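Chemist: So that we are looking at the same thing, I have put the structure below in structure tokens.
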Amino acid sequence: MGNFSAKVFNYRSYSPVPFLIVMFIFQKTTILSLVIGFGIVFIGEFIRLWGVSYAGSETRTTGDVGGTNLVISGPFAYVRNPLYVGNIFIYIGVGVMSMALFPYLQIGAFIFFYIQYRIIVNDEEKYLVNRFGSDYEAYRKNVLRFIPKLWPYKNKNLKQPNFSFKDGLKSESRTLQAITIVTIILVVLHIISLD
């Protein structure tokens with residue numbers, strides 16, 4: 001992993017912070033924006049939870065890129081990077097909830113996170129090609145990075161981890177906490193703005 005891309009990977013959990021600060025300062029929430037935005041957040045978290053229930057806690061690493069299995073089950077059968085797709089839904093949803101500088105902040109956040117994930121995915125794919133060879137090449141040829149396909153990719157020769165909702169929920173605890181905290185703050189700011 002290159003030095004710059006390693007830093008992008010290691011600090012990816014902190015990159016939303018500046019957007020959150022701006023969002024809280026300029027929020028203009030409405031009941032409708034909170035409901036629609038939370039619906040988008042829910043879709044993103046559903047995708048993430050579905051993915052980590054197969055991929056497990058390895059997805060939470062802040063160290064080097066790695067992975068025990070080439071996971072092609074669940075959402076990975078439709079899109080190669082479902083956790084990043086889920087994240088983008090969550091970021092957009094939170095942006096819609098806040099209506100802060102709408103739509104400029106949301107578009108800016110989408111572009112920023114898309115670029116960030118492209119940088120990270122480039123290095124992840126180098127690792128996956130080296131580790132899984134032709135199996136990953138076939139998967140990459142048939143499944144897109146960020147745009148889901150309609151039919152699931154299958155390779156019966158690849159051993160897959162079992163689906164574990166319990167492990168997925170445990171792995172997602174920090175993300176769920178963050179979503180809850182941000183939602184509560186936005187609801188409180190909305191209530192305060194009504195006075």
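Letters A, B, ... mark the chains of the structure tokens in the order given; residue numbers begin at 1 per chain; ligand numbers begin at 1, in order shown.
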Would you kindly return, as a count of residues only, each protein, DNA or RNA residue with an atom no farther than 12 Å from any atom of Trp50 of chain A, considering only C-alpha atoms and excluding same-chain residues fewer than 5 positions away?

Modeler: 24

Chemist: As a ChimeraX atom specification, list the residues of chain A assigned to helix (DSSP H, G or I) by DSSP on the backbone atoms of this structure.

Modeler: /A:3-10,17-26,31-60,74-77,82-98,104-142,165-171,173-194

Chemist: With a distance cut-off of 12 Å and only C-alpha atoms, select the neighbouring residues of Gly108 of chain A, excluding the residue or stretch itself and same-chain residues fewer than 2 positions from it, and output the selection as number ranges by chain.

Modeler: A: 16, 18-19, 22-23, 88, 91-92, 95, 100-106, 110-115

Chemist: Using only C-alpha atoms, which residues sit within 12 Å of Phe132 of chain A once same-chain residues fewer than 3 positions away are excluded, as a PDB file with N, CA and C atoms, in the first residue's frame?

Modeler:
ATOM      1  N   GLY A  66      -6.420  -6.301   4.423  1.00  0.00           N
ATOM      2  CA  GLY A  66      -6.282  -7.753   4.534  1.00  0.00           C
ATOM      3  C   GLY A  66      -7.627  -8.430   4.429  1.00  0.00           C
ATOM      4  N   GLY A  67      -7.600  -9.762   4.498  1.00  0.00           N
ATOM      5  CA  GLY A  67      -8.829 -10.534   4.436  1.00  0.00           C
ATOM      6  C   GLY A  67      -8.530 -12.011   4.374  1.00  0.00           C
ATOM      7  N   THR A  68      -9.277 -12.802   5.136  1.00  0.00           N
ATOM      8  CA  THR A  68      -9.074 -14.248   5.169  1.00  0.00           C
ATOM      9  C   THR A  68      -9.744 -14.924   3.999  1.00  0.00           C
ATOM     10  N   ASN A  69     -10.961 -14.475   3.672  1.00  0.00           N
ATOM     11  CA  ASN A  69     -11.753 -15.088   2.602  1.00  0.00           C
ATOM     12  C   ASN A  69     -12.054 -14.077   1.502  1.00  0.00           C
ATOM     13  N   LEU A  70     -12.238 -14.615   0.298  1.00  0.00           N
ATOM     14  CA  LEU A  70     -12.794 -13.794  -0.780  1.00  0.00           C
ATOM     15  C   LEU A  70     -14.308 -13.938  -0.664  1.00  0.00           C
ATOM     16  N   VAL A  71     -14.945 -12.949  -0.051  1.00  0.00           N
ATOM     17  CA  VAL A  71     -16.378 -13.027   0.221  1.00  0.00           C
ATOM     18  C   VAL A  71     -17.154 -12.589  -1.013  1.00  0.00           C
ATOM     19  N   GLU A 124      -6.837  -2.104  -2.029  1.00  0.00           N
ATOM     20  CA  GLU A 124      -7.484  -3.349  -1.609  1.00  0.00           C
ATOM     21  C   GLU A 124      -7.488  -4.364  -2.747  1.00  0.00           C
ATOM     22  N   GLU A 125      -7.717  -3.884  -3.960  1.00  0.00           N
ATOM     23  CA  GLU A 125      -7.776  -4.800  -5.099  1.00  0.00           C
ATOM     24  C   GLU A 125      -6.406  -5.389  -5.424  1.00  0.00           C
ATOM     25  N   LYS A 126      -5.344  -4.618  -5.233  1.00  0.00           N
ATOM     26  CA  LYS A 126      -3.997  -5.173  -5.437  1.00  0.00           C
ATOM     27  C   LYS A 126      -3.759  -6.332  -4.475  1.00  0.00           C
ATOM     28  N   TYR A 127      -4.159  -6.128  -3.222  1.00  0.00           N
ATOM     29  CA  TYR A 127      -4.015  -7.188  -2.212  1.00  0.00           C
ATOM     30  C   TYR A 127      -4.831  -8.416  -2.617  1.00  0.00           C
ATOM     31  N   LEU A 128      -6.088  -8.196  -3.031  1.00  0.00           N
ATOM     32  CA  LEU A 128      -6.978  -9.306  -3.361  1.00  0.00           C
ATOM     33  C   LEU A 128      -6.501 -10.086  -4.583  1.00  0.00           C
ATOM     34  N   VAL A 129      -5.943  -9.396  -5.573  1.00  0.00           N
ATOM     35  CA  VAL A 129      -5.389 -10.079  -6.750  1.00  0.00           C
ATOM     36  C   VAL A 129      -4.209 -10.951  -6.324  1.00  0.00           C
ATOM     37  N   ASP A 135      -9.421 -16.354  -8.997  1.00  0.00           N
ATOM     38  CA  ASP A 135     -10.767 -16.291  -8.403  1.00  0.00           C
ATOM     39  C   ASP A 135     -11.219 -14.842  -8.263  1.00  0.00           C
ATOM     40  N   TYR A 136     -10.288 -13.974  -7.819  1.00  0.00           N
ATOM     41  CA  TYR A 136     -10.655 -12.571  -7.681  1.00  0.00           C
ATOM     42  C   TYR A 136     -10.789 -11.910  -9.044  1.00  0.00           C
ATOM     43  N   GLU A 137      -9.926 -12.272  -9.983  1.00  0.00           N
ATOM     44  CA  GLU A 137     -10.001 -11.701 -11.334  1.00  0.00           C
ATOM     45  C   GLU A 137     -11.361 -12.000 -11.963  1.00  0.00           C
ATOM     46  N   ALA A 138     -11.841 -13.233 -11.788  1.00  0.00           N
ATOM     47  CA  ALA A 138     -13.155 -13.606 -12.342  1.00  0.00           C
ATOM     48  C   ALA A 138     -14.263 -12.813 -11.654  1.00  0.00           C
ATOM     49  N   TYR A 139     -14.149 -12.677 -10.344  1.00  0.00           N
ATOM     50  CA  TYR A 139     -15.137 -11.900  -9.583  1.00  0.00           C
ATOM     51  C   TYR A 139     -15.139 -10.447 -10.036  1.00  0.00           C
ATOM     52  N   ARG A 140     -13.945  -9.867 -10.154  1.00  0.00           N
ATOM     53  CA  ARG A 140     -13.821  -8.462 -10.559  1.00  0.00           C
ATOM     54  C   ARG A 140     -14.365  -8.237 -11.968  1.00  0.00           C
ATOM     55  N   LEU A 158     -15.575 -21.461  -4.330  1.00  0.00           N
ATOM     56  CA  LEU A 158     -15.067 -20.598  -3.260  1.00  0.00           C
ATOM     57  C   LEU A 158     -15.783 -20.882  -1.952  1.00  0.00           C
TER      58      LEU A 158
END

Chemist: Which residue gives the smallest distance to Ser53 of chain A among A:Ile191, A:Ile36, A:Ala178, A:Gln160, with only C-alpha atoms counted?

Modeler: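 Closest to Ser53 of chain A of all the choices is A:Gln160.
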
Chemist: How many Å separate atom CA of Lys149 of chain A from atom CA of Thr175 of chain A?

Modeler: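 Separation between atom CA of Lys149 of chain A and atom CA of Thr175 of chain A: 25.7 Å.
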
Chemist: Tell me which of A:Phe89, A:Asp123, A:Ile184, A:Tyr54 sits closest to Gly39 of chain A, counting only C-alpha atoms.

Modeler: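 Of all the options, A:Phe89 lies closest to Gly39 of chain A.
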
Chemist: With only C-alpha atoms as the basis for distance, which of A:Ser173, A:Val85, A:Val96, A:Ser13 is at the shortest distance from Gln27 of chain A?

Modeler: A:Val96

Chemist: Rank A:Pro161, A:Pro152, A:Ile147, A:Ser98 by their smallest atom-to-atom distance to Gly37 of chain A, using only C-alpha atoms, and report the top residue only.

Modeler: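 Closest to Gly37 of chain A of all the choices is A:Ser98.
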
Chemist: Hey, which of A:Tyr78, A:Tyr14, A:Phe38, A:Tyr84 ends up closest to Val187 of chain A? Count only C-alpha atoms.

Modeler: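 Using only C-alpha atoms, the shortest distance to Val187 of chain A belongs to A:Phe38.
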
Chemist: How far is it from atom CA of Ile192 of chain A to atom CA of Phe24 of chain A, in Å with one decimal?

Modeler: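 Separation between atom CA of Ile192 of chain A and atom CA of Phe24 of chain A: 12.6 Å.
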
Chemist: Any idea what the distance is between atom CA of Leu194 of chain A and atom CA of Val35 of chain A?

Modeler: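 Distance between the two atoms: 16.9 Å.
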
Chemist: Considering only C-alpha atoms, can you say which of A:Arg145, A:Arg174, A:Lys154, A:Arg48 comes closest to Ile120 of chain A?

Modeler: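 Closest residue, counting only C-alpha atoms: A:Arg145.
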